[in-house]
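Structure file target-v4.txt (compact mmCIF, C-alpha atoms and all ligand atoms) is printed below.
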```txt
# COMPACT_ATOMS: atom_id res chain seq x y z
CA MET A 219 -52.04 -77.96 -53.32
CA LYS A 220 -52.87 -81.49 -54.42
CA HIS A 221 -56.56 -80.60 -54.16
CA VAL A 222 -56.22 -77.61 -56.46
CA PHE A 223 -54.59 -79.73 -59.16
CA SER A 224 -57.33 -82.35 -58.72
CA LEU A 225 -59.99 -79.73 -59.38
CA ILE A 226 -58.18 -78.37 -62.43
CA GLY A 227 -57.76 -81.94 -63.65
CA THR A 228 -61.50 -82.53 -63.43
CA VAL A 229 -62.27 -79.46 -65.51
CA LEU A 230 -59.71 -80.34 -68.19
CA ILE A 231 -60.99 -83.88 -68.53
CA GLY A 232 -64.55 -82.59 -68.81
CA THR A 233 -63.76 -80.22 -71.65
CA SER A 234 -61.10 -82.03 -73.63
CA GLY A 235 -63.04 -85.13 -74.49
CA PHE A 236 -60.81 -87.57 -72.60
CA SER A 237 -62.78 -90.45 -71.24
CA GLN A 238 -63.28 -90.30 -67.45
CA ASP A 239 -61.13 -92.58 -65.29
CA LEU A 240 -63.75 -94.83 -63.67
CA ASN A 241 -61.21 -95.84 -61.06
CA ASN A 242 -60.70 -92.23 -59.88
CA VAL A 243 -64.01 -90.56 -59.10
CA GLN A 244 -63.57 -86.90 -58.15
CA LEU A 245 -65.68 -85.56 -55.26
CA PRO A 246 -64.60 -81.88 -55.11
CA HIS A 247 -67.80 -80.72 -53.39
CA MET A 248 -66.42 -82.37 -50.21
CA GLN A 249 -63.57 -79.87 -50.07
CA LYS A 250 -64.17 -76.97 -47.67
CA ALA A 251 -64.60 -73.63 -49.41
CA SER A 252 -62.14 -70.98 -48.30
CA VAL A 253 -64.37 -68.18 -47.03
CA ARG A 254 -63.47 -64.93 -45.26
CA LYS A 255 -65.75 -64.01 -42.37
CA GLU A 256 -66.04 -60.22 -42.36
CA ILE A 257 -65.87 -58.27 -39.11
CA ARG A 258 -68.03 -55.16 -39.44
CA VAL A 259 -66.36 -52.20 -37.77
CA PRO A 260 -66.74 -48.57 -38.88
CA ASN A 261 -63.99 -46.38 -40.26
CA ILE A 262 -63.79 -43.42 -37.88
CA LEU A 263 -62.46 -39.85 -37.76
CA GLY A 264 -61.23 -40.06 -41.36
CA TYR A 265 -59.13 -43.18 -40.67
CA GLN A 266 -59.41 -46.70 -42.00
CA THR A 267 -60.00 -49.27 -39.25
CA LEU A 268 -57.56 -52.18 -39.54
CA LYS A 269 -58.23 -55.42 -37.66
CA CYS A 270 -54.91 -56.70 -36.31
CA ASP A 271 -53.41 -59.44 -34.18
CA PHE A 272 -49.84 -58.63 -33.16
CA HIS A 273 -49.01 -61.77 -31.18
CA MET A 274 -48.90 -65.40 -32.37
CA HIS A 275 -46.54 -68.36 -32.50
CA THR A 276 -45.49 -71.03 -34.97
CA VAL A 277 -43.24 -74.11 -34.91
CA PHE A 278 -40.34 -71.63 -35.02
CA SER A 279 -40.90 -71.19 -31.27
CA ASP A 280 -43.40 -73.12 -29.13
CA GLY A 281 -46.39 -72.92 -31.51
CA ASN A 282 -47.86 -75.91 -33.32
CA VAL A 283 -48.36 -74.64 -36.86
CA TRP A 284 -46.36 -73.70 -39.92
CA PRO A 285 -46.16 -69.92 -40.52
CA THR A 286 -48.38 -69.94 -43.64
CA VAL A 287 -51.25 -71.34 -41.54
CA ARG A 288 -51.23 -68.12 -39.51
CA VAL A 289 -51.84 -66.12 -42.70
CA ASP A 290 -54.68 -68.39 -43.84
CA GLU A 291 -56.36 -68.22 -40.43
CA ALA A 292 -56.08 -64.43 -40.34
CA TRP A 293 -57.62 -64.10 -43.80
CA GLU A 294 -60.51 -66.42 -42.99
CA GLU A 295 -61.20 -64.56 -39.73
CA GLY A 296 -61.40 -61.16 -41.42
CA LEU A 297 -58.11 -59.66 -40.20
CA ASP A 298 -56.05 -57.08 -42.08
CA ALA A 299 -52.65 -57.41 -40.39
CA ILE A 300 -50.69 -59.87 -38.27
CA ALA A 301 -47.35 -60.10 -36.53
CA ILE A 302 -45.82 -63.54 -36.10
CA THR A 303 -43.93 -63.15 -32.84
CA ASP A 304 -41.99 -66.31 -32.18
CA HIS A 305 -40.06 -66.42 -28.90
CA ILE A 306 -36.44 -65.47 -29.36
CA GLU A 307 -35.25 -67.27 -26.20
CA LYS A 308 -37.59 -70.28 -26.34
CA GLN A 309 -37.31 -72.66 -29.27
CA PRO A 310 -38.14 -76.21 -28.13
CA GLY A 311 -37.88 -77.47 -31.71
CA LYS A 312 -34.54 -75.74 -32.46
CA LYS A 313 -32.85 -79.04 -33.29
CA PHE A 314 -35.37 -79.55 -36.11
CA ILE A 315 -36.04 -76.03 -37.38
CA GLY A 316 -32.67 -74.30 -36.87
CA GLY A 317 -32.08 -71.06 -35.04
CA ASP A 318 -32.87 -68.32 -37.58
CA HIS A 319 -35.39 -65.98 -35.91
CA ASN A 320 -36.37 -64.44 -39.25
CA ALA A 321 -37.55 -67.78 -40.66
CA SER A 322 -41.25 -67.59 -39.79
CA TYR A 323 -41.55 -64.13 -41.36
CA GLU A 324 -39.70 -65.18 -44.50
CA ILE A 325 -41.81 -68.33 -44.93
CA ALA A 326 -45.12 -66.47 -44.45
CA THR A 327 -44.27 -63.46 -46.66
CA GLU A 328 -45.37 -64.93 -50.00
CA ARG A 329 -48.68 -66.26 -48.62
CA ALA A 330 -49.39 -62.88 -46.98
CA LYS A 331 -48.99 -61.21 -50.38
CA GLU A 332 -51.35 -63.73 -52.00
CA LYS A 333 -53.98 -63.21 -49.28
CA ASN A 334 -53.56 -59.43 -49.02
CA ILE A 335 -52.64 -59.65 -45.34
CA LEU A 336 -50.17 -57.10 -43.97
CA LEU A 337 -47.39 -59.13 -42.35
CA ILE A 338 -45.19 -57.43 -39.75
CA HIS A 339 -41.65 -58.70 -39.19
CA SER A 340 -41.50 -59.33 -35.43
CA GLY A 341 -40.24 -61.35 -32.49
CA GLU A 342 -41.01 -61.88 -28.79
CA VAL A 343 -38.32 -61.03 -26.23
CA THR A 344 -39.00 -63.72 -23.62
CA ARG A 345 -37.58 -63.08 -20.15
CA ASP A 346 -38.40 -63.75 -16.51
CA MET A 347 -40.40 -61.07 -14.72
CA PRO A 348 -39.32 -58.32 -14.69
CA PRO A 349 -39.52 -57.33 -17.49
CA GLY A 350 -41.42 -60.43 -18.67
CA HIS A 351 -42.28 -60.81 -22.35
CA LEU A 352 -42.23 -58.00 -24.90
CA ASN A 353 -43.03 -58.05 -28.63
CA ALA A 354 -40.90 -56.01 -30.98
CA LEU A 355 -42.69 -55.15 -34.24
CA PHE A 356 -41.39 -53.80 -37.57
CA LEU A 357 -37.92 -55.34 -37.32
CA ASP A 358 -35.41 -55.85 -40.12
CA ASP A 359 -33.45 -58.61 -38.38
CA VAL A 360 -34.85 -60.43 -35.33
CA ASN A 361 -31.53 -62.25 -34.82
CA LEU A 362 -29.92 -59.00 -33.57
CA LEU A 363 -32.18 -59.21 -30.49
CA GLU A 364 -30.60 -62.45 -29.29
CA VAL A 365 -28.35 -60.90 -26.61
CA PRO A 366 -28.01 -61.77 -22.89
CA ASP A 367 -29.42 -58.56 -21.39
CA ALA A 368 -33.15 -57.80 -21.79
CA THR A 369 -32.71 -54.02 -22.02
CA GLU A 370 -29.97 -54.50 -24.62
CA ALA A 371 -32.34 -56.69 -26.64
CA LEU A 372 -35.01 -53.97 -26.59
CA LEU A 373 -32.42 -51.32 -27.49
CA ALA A 374 -31.41 -53.49 -30.46
CA ALA A 375 -35.09 -53.51 -31.48
CA LYS A 376 -35.42 -49.72 -31.06
CA LYS A 377 -32.34 -49.24 -33.24
CA GLN A 378 -34.39 -50.86 -36.00
CA GLY A 379 -37.32 -48.50 -35.36
CA ALA A 380 -39.42 -51.13 -33.56
CA PHE A 381 -42.74 -50.63 -31.85
CA ILE A 382 -42.44 -52.46 -28.51
CA MET A 383 -45.35 -53.81 -26.48
CA TRP A 384 -45.38 -55.43 -23.06
CA ASN A 385 -47.22 -58.74 -23.32
CA HIS A 386 -49.65 -60.34 -20.87
CA PRO A 387 -48.54 -58.22 -17.87
CA GLY A 388 -51.04 -59.99 -15.61
CA TRP A 389 -50.13 -63.54 -16.68
CA LYS A 390 -50.37 -65.70 -13.52
CA ALA A 391 -47.19 -67.65 -14.36
CA GLN A 392 -45.20 -64.42 -14.01
CA GLN A 393 -47.35 -62.26 -11.72
CA PRO A 394 -49.21 -64.79 -9.54
CA ASP A 395 -50.89 -62.36 -7.14
CA THR A 396 -51.67 -59.27 -9.11
CA CYS A 397 -50.63 -57.13 -12.06
CA LEU A 398 -47.78 -54.82 -11.10
CA TRP A 399 -45.89 -52.05 -12.88
CA MET A 400 -42.41 -52.73 -11.52
CA PRO A 401 -39.38 -50.39 -11.25
CA MET A 402 -37.83 -52.08 -14.29
CA HIS A 403 -40.94 -51.28 -16.35
CA GLN A 404 -40.70 -47.66 -15.23
CA ASP A 405 -37.05 -47.68 -16.34
CA LEU A 406 -37.91 -49.19 -19.75
CA PHE A 407 -40.79 -46.72 -20.13
CA GLU A 408 -38.49 -43.78 -19.38
CA LYS A 409 -35.97 -45.10 -21.92
CA GLY A 410 -38.77 -45.20 -24.53
CA LEU A 411 -38.69 -49.00 -24.69
CA ILE A 412 -42.39 -49.62 -24.01
CA ASP A 413 -44.81 -48.19 -26.57
CA GLY A 414 -47.93 -50.25 -25.83
CA ILE A 415 -49.32 -52.93 -23.53
CA GLU A 416 -51.70 -55.84 -23.97
CA VAL A 417 -55.04 -55.23 -22.26
CA PHE A 418 -56.42 -58.45 -23.77
CA ASN A 419 -54.21 -61.53 -24.17
CA GLU A 420 -55.56 -64.95 -25.17
CA GLN A 421 -58.65 -65.26 -22.92
CA GLU A 422 -57.49 -62.74 -20.29
CA TYR A 423 -58.44 -59.11 -19.61
CA TYR A 424 -56.30 -56.83 -17.41
CA PRO A 425 -58.49 -53.85 -16.39
CA THR A 426 -55.73 -52.02 -14.49
CA VAL A 427 -53.54 -52.06 -17.61
CA LEU A 428 -56.11 -49.92 -19.39
CA ASP A 429 -55.48 -47.23 -16.74
CA TRP A 430 -51.70 -47.59 -17.20
CA CYS A 431 -52.13 -47.02 -20.94
CA ILE A 432 -54.46 -44.03 -20.59
CA ASN A 433 -52.35 -42.36 -17.87
CA ARG A 434 -48.99 -42.91 -19.59
CA LYS A 435 -50.22 -42.35 -23.16
CA LEU A 436 -49.32 -45.90 -24.17
CA THR A 437 -51.03 -47.79 -26.97
CA VAL A 438 -53.85 -50.14 -25.99
CA ILE A 439 -53.41 -53.60 -27.49
CA GLY A 440 -55.46 -56.83 -27.77
CA ASN A 441 -53.81 -60.01 -29.08
CA SER A 442 -54.50 -63.74 -29.35
CA ASP A 443 -51.01 -65.07 -28.41
CA ILE A 444 -52.21 -68.20 -30.21
CA HIS A 445 -49.93 -71.26 -30.13
CA GLY A 446 -52.24 -73.94 -31.55
CA ILE A 447 -54.95 -73.65 -34.19
CA VAL A 448 -57.17 -70.59 -33.70
CA SER A 449 -60.44 -72.42 -34.46
CA GLN A 450 -59.57 -75.11 -31.92
CA PHE A 451 -58.75 -72.64 -29.15
CA PHE A 452 -61.38 -69.91 -29.61
CA ASP A 453 -65.08 -70.52 -30.19
CA LEU A 454 -65.36 -68.74 -33.53
CA GLU A 455 -69.10 -69.46 -33.66
CA LYS A 456 -69.49 -67.17 -30.63
CA GLY A 457 -67.09 -64.48 -31.75
CA HIS A 458 -63.49 -64.02 -32.67
CA ARG A 459 -59.97 -63.93 -31.28
CA PRO A 460 -58.79 -60.87 -29.32
CA MET A 461 -57.53 -58.14 -31.64
CA THR A 462 -56.43 -54.55 -31.92
CA LEU A 463 -58.42 -52.11 -34.03
CA VAL A 464 -55.95 -49.65 -35.53
CA PHE A 465 -57.12 -46.35 -37.02
CA ALA A 466 -54.68 -45.84 -39.90
CA SER A 467 -54.49 -43.35 -42.76
CA ASP A 468 -54.60 -46.24 -45.21
CA ARG A 469 -54.15 -49.99 -45.41
CA SER A 470 -50.35 -50.13 -45.48
CA LEU A 471 -47.57 -51.16 -43.10
CA THR A 472 -46.26 -47.58 -43.02
CA SER A 473 -49.61 -46.16 -41.94
CA LEU A 474 -50.20 -49.01 -39.51
CA LYS A 475 -46.88 -48.28 -37.80
CA GLU A 476 -47.59 -44.55 -37.69
CA ALA A 477 -51.02 -45.19 -36.11
CA LEU A 478 -49.58 -47.54 -33.46
CA PHE A 479 -47.00 -44.95 -32.37
CA ALA A 480 -49.77 -42.30 -32.34
CA ASN A 481 -51.90 -44.45 -29.93
CA ARG A 482 -54.79 -44.68 -32.39
CA THR A 483 -56.15 -48.07 -31.30
CA LEU A 484 -58.87 -49.89 -29.42
CA ALA A 485 -58.50 -53.36 -27.92
CA TYR A 486 -61.39 -55.63 -28.91
CA PHE A 487 -62.48 -59.01 -27.52
CA ASP A 488 -65.67 -60.79 -26.45
CA ASN A 489 -67.91 -57.89 -27.50
CA GLN A 490 -65.86 -55.50 -25.35
CA LEU A 491 -63.89 -52.49 -26.53
CA ALA A 492 -61.25 -50.78 -24.40
CA GLY A 493 -59.34 -47.58 -25.04
CA LYS A 494 -59.48 -43.82 -25.37
CA GLU A 495 -62.84 -42.11 -25.02
CA GLU A 496 -62.59 -40.24 -28.36
CA PHE A 497 -62.22 -43.51 -30.31
CA LEU A 498 -64.94 -45.32 -28.37
CA LYS A 499 -67.32 -42.43 -28.91
CA ALA A 500 -66.54 -42.20 -32.63
CA PHE A 501 -66.90 -45.99 -32.94
CA PHE A 502 -70.33 -45.93 -31.28
CA LYS A 503 -71.58 -42.88 -33.20
CA SER A 504 -70.40 -44.31 -36.53
CA SER A 505 -72.10 -47.65 -35.81
CA VAL A 506 -75.47 -46.58 -34.45
CA THR A 507 -78.13 -44.50 -36.21
CA ILE A 508 -81.48 -43.56 -34.69
CA LYS A 509 -84.51 -42.24 -36.50
CA SER A 510 -88.08 -41.65 -35.54
CA THR A 511 -90.57 -43.93 -37.24
CA GLY A 512 -93.27 -41.22 -36.94
CA ILE A 513 -95.43 -43.78 -35.12
CA LYS A 514 -96.55 -43.74 -31.48
CA ASP A 515 -97.26 -46.75 -29.32
CA ARG A 516 -100.44 -47.33 -27.27
CA LYS A 517 -99.03 -45.24 -24.44
CA ASN A 518 -98.50 -42.40 -26.94
CA ARG A 519 -94.69 -42.78 -26.82
CA GLU A 520 -92.67 -42.06 -29.93
CA MET A 521 -91.24 -45.16 -31.62
CA TYR A 522 -87.65 -45.09 -32.87
CA GLU A 523 -85.70 -47.37 -35.18
CA VAL A 524 -82.19 -48.04 -33.86
CA PHE A 525 -79.73 -49.52 -36.35
CA ASN A 526 -76.29 -50.90 -35.48
CA SER A 527 -74.09 -51.58 -38.50
CA SER A 528 -71.17 -53.04 -36.50
CA THR A 529 -70.30 -56.54 -35.31
CA VAL A 530 -70.21 -55.20 -31.73
CA PRO A 531 -73.52 -55.16 -29.80
CA PHE A 532 -73.94 -52.27 -27.37
CA HIS A 533 -75.22 -52.65 -23.80
CA LEU A 534 -76.66 -49.35 -22.56
CA GLU A 535 -77.76 -48.39 -19.07
CA THR A 536 -79.46 -45.12 -18.18
CA LEU A 537 -78.92 -43.13 -14.99
CA THR A 538 -82.20 -44.58 -13.65
CA GLY A 539 -81.03 -48.15 -14.35
CA LYS A 540 -83.01 -48.81 -17.55
CA LYS A 541 -81.16 -51.25 -19.79
CA LEU A 542 -81.12 -51.35 -23.58
CA MET A 543 -79.20 -53.81 -25.74
CA ILE A 544 -78.58 -52.75 -29.33
CA PRO A 545 -77.82 -56.00 -31.19
CA SER A 546 -75.01 -56.27 -33.74
CA GLU A 547 -75.68 -55.82 -37.47
CA ALA A 548 -79.41 -55.37 -36.81
CA SER A 549 -82.25 -52.90 -36.27
CA ILE A 550 -84.73 -52.68 -33.44
CA ILE A 551 -87.88 -50.57 -33.10
CA LEU A 552 -88.92 -49.42 -29.64
CA PRO A 553 -90.39 -46.52 -27.71
CA LEU A 554 -87.68 -44.22 -26.34
CA ASP A 555 -87.72 -41.04 -24.33
CA PRO A 556 -84.70 -39.02 -25.51
CA ILE A 557 -84.30 -37.44 -22.05
CA ASP A 558 -83.59 -40.88 -20.55
CA TYR A 559 -80.75 -41.44 -23.00
CA ASN A 560 -78.79 -38.28 -22.28
CA GLY A 561 -75.68 -39.38 -20.41
CA VAL A 562 -76.26 -43.07 -20.95
CA SER A 563 -73.50 -45.52 -20.04
CA VAL A 564 -72.28 -48.01 -22.65
CA LYS A 565 -71.41 -50.89 -20.36
CA ASN A 566 -69.22 -52.91 -22.76
CA LEU A 567 -67.08 -49.93 -23.89
CA TYR A 568 -64.33 -49.26 -21.32
CA THR A 569 -62.53 -45.94 -20.91
CA GLY A 570 -60.76 -47.16 -17.75
CA SER A 571 -60.69 -50.02 -15.26
CA LYS A 572 -63.73 -48.58 -13.51
CA SER A 573 -65.30 -46.35 -16.15
CA ASN A 574 -67.42 -46.77 -19.25
CA LEU A 575 -68.16 -44.57 -22.22
CA ILE A 576 -70.93 -42.07 -21.44
CA ILE A 577 -72.82 -40.71 -24.43
CA ASN A 578 -75.92 -38.87 -25.46
CA LEU A 579 -77.81 -41.29 -27.65
CA PHE A 580 -79.79 -38.55 -29.43
ZN ZN B 1 -45.31 -64.36 -23.94
ZN ZN B 2 -46.32 -65.14 -26.97
```

Give the structure from this file in structure tokens form.
Ligand SMILES: [Zn+2]
Ligand SMILES: [Zn+2]
Amino acid sequence: MKHVFSLIGTVLIGTSGFSQDLNNVQLPHMQKASVRKEIRVPNILGYQTLKCDFHMHTVFSDGNVWPTVRVDEAWEEGLDAIAITDHIEKQPGKKFIGGDHNASYEIATERAKEKNILLIHSGEVTRDMPPGHLNALFLDDVNLLEVPDATEALLAAKKQGAFIMWNHPGWKAQQPDTCLWMPMHQDLFEKGLIDGIEVFNEQEYYPTVLDWCINRKLTVIGNSDIHGIVSQFFDLEKGHRPMTLVFASDRSLTSLKEALFANRTLAYFDNQLAGKEEFLKAFFKSSVTIKSTGIKDRKNREMYEVFNSSTVPFHLETLTGKKLMIPSEASIILPLDPIDYNGVSVKNLYTGSKSNLIINLF
């Protein structure tokens, strides 16, 4: 805030005729401009695509930043919505920050309004496996989840209308050998206490979890689970943090919640998209346009212009093994035989642990 006042001070001095203080030379051009990097993703099937991260920590659990930093990071990285999900049962700094589990949400609320970021009131139920860790979103009072029994904690969340996701199911610290759906998860699922699961968490991908989600009609989720500073942990020059693309009726918390419960999401990380076929197909078709240039190459093949408006590149492979990469936010011109691109596989769009989106390009 000091910097803002310094800048205002400079302008006032310049226009009001006060003589400049030669012992305080202002160098405002050295201050970093606050810029939002836009992520280009299409709106599909009549819905607005919201870019969301539903899992992150602050000093109010074992994270290293103040809650307002999470809002600033999200805005600069082009997100629409975040959930600050501090651990309920793990607060190493409790002696310094107190024990109110609503604090991070309350502190970040004003900044979220200023930055037009949708902020979801949330917490992370943090238990040994099973059930492991679960985020409860859209809470009124996180403190009511601080009870001894894990199922009781999730029931207390459900009572508040929460959307509950199982976090990092394949995390080696809790599932060292593989990623298992345990009897307790089946029990929670049958009680309606698991609504979605993370397919991407931090820098991990759990292919088998995508099958769990598709087969059980659970919502596919991608989250950062960031504890430190996002730009220090992820290489933002290469890409972005893991996130969930939510297909909502509009850009509001009410519509976001409705879309999450209706399974209208894709998990997105490292140029990979995972989720239901209908959303992957709509995403691809809304991103890519193909038109003939009316020109033929030396071999008399028709030349096509292929344009991809989205931030996601697409890696295609035909049935005969021909590969085509459609770069992000760019056009390419090349000879194509439409017959080759009937039933082409989009290798970085996953419909299951062992299956990709298959489309007709033309
Ligand atoms: Zn966790
Ligand atoms: Zn976490």

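Restricting the calculation to all atoms listed in the file, the smallest distance between ligand ZN 1 (chain B) and any of A:Gln393, A:Asn481, A:Thr344, A:Asn261 is found for A:Thr344.
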
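With a cut-off of 8 Å and using only C-alpha atoms and all ligand atoms, the polymer residues contacting ligand ZN 1 (chain B) are His305, Glu342, Thr344, Gly350, His351, Leu352, Asn385, His386 and Asp443 of chain A.
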
CA of Asn419 (chain A) to CA of Ser442 (chain A), straight-line distance in Å: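 Computed distance, CA of Ser442 (chain A) to CA of Asn419 (chain A), equals 5.6 Å.
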
Exercise answer, 12 Å around ligand ZN 2 (chain B) with all atoms listed in the file, as a PyMOL selection string: chain A and resi 271-276+278-281+301-309+340-345+350-354+383-387+389+416+419-420+441-446

Resulting file, chosen residues, C-alpha atoms, as a short mmCIF file (atom, residue, chain, number, x, y, z; two decimals), in the coordinates of the input:
```
data_model
loop_
_atom_site.label_atom_id
_atom_site.label_comp_id
_atom_site.auth_asym_id
_atom_site.auth_seq_id
_atom_site.Cartn_x
_atom_site.Cartn_y
_atom_site.Cartn_z
CA ASP A 271 -53.41 -59.44 -34.18
CA PHE A 272 -49.84 -58.63 -33.16
CA HIS A 273 -49.01 -61.77 -31.18
CA MET A 274 -48.90 -65.40 -32.37
CA HIS A 275 -46.54 -68.36 -32.50
CA THR A 276 -45.49 -71.03 -34.97
CA PHE A 278 -40.34 -71.63 -35.02
CA SER A 279 -40.90 -71.19 -31.27
CA ASP A 280 -43.40 -73.12 -29.13
CA GLY A 281 -46.39 -72.92 -31.51
CA ALA A 301 -47.35 -60.10 -36.53
CA ILE A 302 -45.82 -63.54 -36.10
CA THR A 303 -43.93 -63.15 -32.84
CA ASP A 304 -41.99 -66.31 -32.18
CA HIS A 305 -40.06 -66.42 -28.90
CA ILE A 306 -36.44 -65.47 -29.36
CA GLU A 307 -35.25 -67.27 -26.20
CA LYS A 308 -37.59 -70.28 -26.34
CA GLN A 309 -37.31 -72.66 -29.27
CA SER A 340 -41.50 -59.33 -35.43
CA GLY A 341 -40.24 -61.35 -32.49
CA GLU A 342 -41.01 -61.88 -28.79
CA VAL A 343 -38.32 -61.03 -26.23
CA THR A 344 -39.00 -63.72 -23.62
CA ARG A 345 -37.58 -63.08 -20.15
CA GLY A 350 -41.42 -60.43 -18.67
CA HIS A 351 -42.28 -60.81 -22.35
CA LEU A 352 -42.23 -58.00 -24.90
CA ASN A 353 -43.03 -58.05 -28.63
CA ALA A 354 -40.90 -56.01 -30.98
CA MET A 383 -45.35 -53.81 -26.48
CA TRP A 384 -45.38 -55.43 -23.06
CA ASN A 385 -47.22 -58.74 -23.32
CA HIS A 386 -49.65 -60.34 -20.87
CA PRO A 387 -48.54 -58.22 -17.87
CA TRP A 389 -50.13 -63.54 -16.68
CA GLU A 416 -51.70 -55.84 -23.97
CA ASN A 419 -54.21 -61.53 -24.17
CA GLU A 420 -55.56 -64.95 -25.17
CA ASN A 441 -53.81 -60.01 -29.08
CA SER A 442 -54.50 -63.74 -29.35
CA ASP A 443 -51.01 -65.07 -28.41
CA ILE A 444 -52.21 -68.20 -30.21
CA HIS A 445 -49.93 -71.26 -30.13
CA GLY A 446 -52.24 -73.94 -31.55
#
```

Point-to-point distance in Å for CA of Tyr559 (chain A) and CA of Glu523 (chain A): 14.4 Å

Nearest candidate to Ser449 (chain A) (options A:Ile335, A:Ala368, A:Leu373, A:Val287; using all atoms listed in the file):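 Smallest distance to Ser449 (chain A) is found for A:Val287.
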
Using 12 Å as the limit and counting all atoms listed in the file, can you tabulate each residue of region 433-512 of chain A that touches region 356-360 of chain A, with its shortest atom-to-atom distance in Å and the two atoms involved, as a Markdown table?
```
| residue | atom | partner | partner_atom | distance |
| --- | --- | --- | --- | --- |
| A:Leu471 | CA | A:Phe356 | CA | 8.7 |
| A:Thr472 | CA | A:Phe356 | CA | 9.6 |
| A:Leu474 | CA | A:Phe356 | CA | 10.2 |
| A:Lys475 | CA | A:Phe356 | CA | 7.8 |
| A:Glu476 | CA | A:Phe356 | CA | 11.1 |
| A:Leu478 | CA | A:Phe356 | CA | 11.1 |
| A:Phe479 | CA | A:Phe356 | CA | 11.7 |
```

Atomic distance CA of Ala374 (chain A) - CA of Trp284 (chain A), expressed in Å with one decimal: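 So the answer is 26.9 Å.
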
Exercise: Gly440 (chain A) partners within 6 Å, all atoms listed in the file, chain neighbours under 6 positions left out, as a PyMOL selection string: chain A and resi 416-418+460-462+485

Residue among A:Asp395, A:Asn334, A:Lys509, A:Ser504 lying closest to Gly296 (chain A), counting all atoms listed in the file: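 Under the stated criterion, the closest residue is A:Asn334.
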
Nearest residue to Gly561 (chain A) from the set A:Phe580, A:Phe502, A:Phe497, A:Phe314 (distances using only C-alpha atoms): A:Phe580

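For the set A:Asp413, A:Glu332, A:Asp239, A:Asp405, the residue with the smallest atom-to-atom gap to Lys435 (chain A) is A:Asp413, counting only C-alpha atoms.
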
Residues within 6 Å of Leu268 (chain A), all atoms listed in the file, excluding chain neighbours under 5 positions, as number ranges by chain: A: 298, 463-464

Starting from 8 Å padding per side, set up an axis-aligned box that covers all listed atoms of region 435-438 of chain A and hand over centre and edge lengths in Å, one decimal, as JSON.
```
{"center_x": -51.6, "center_y": -46.2, "center_z": -25.1, "size_x": 20.5, "size_y": 23.8, "size_z": 19.8}
```

Which of A:Met400, A:Leu436, A:Cys270, A:Ile577 sits closest to Leu337 (chain A) [using only C-alpha atoms]: A:Cys270
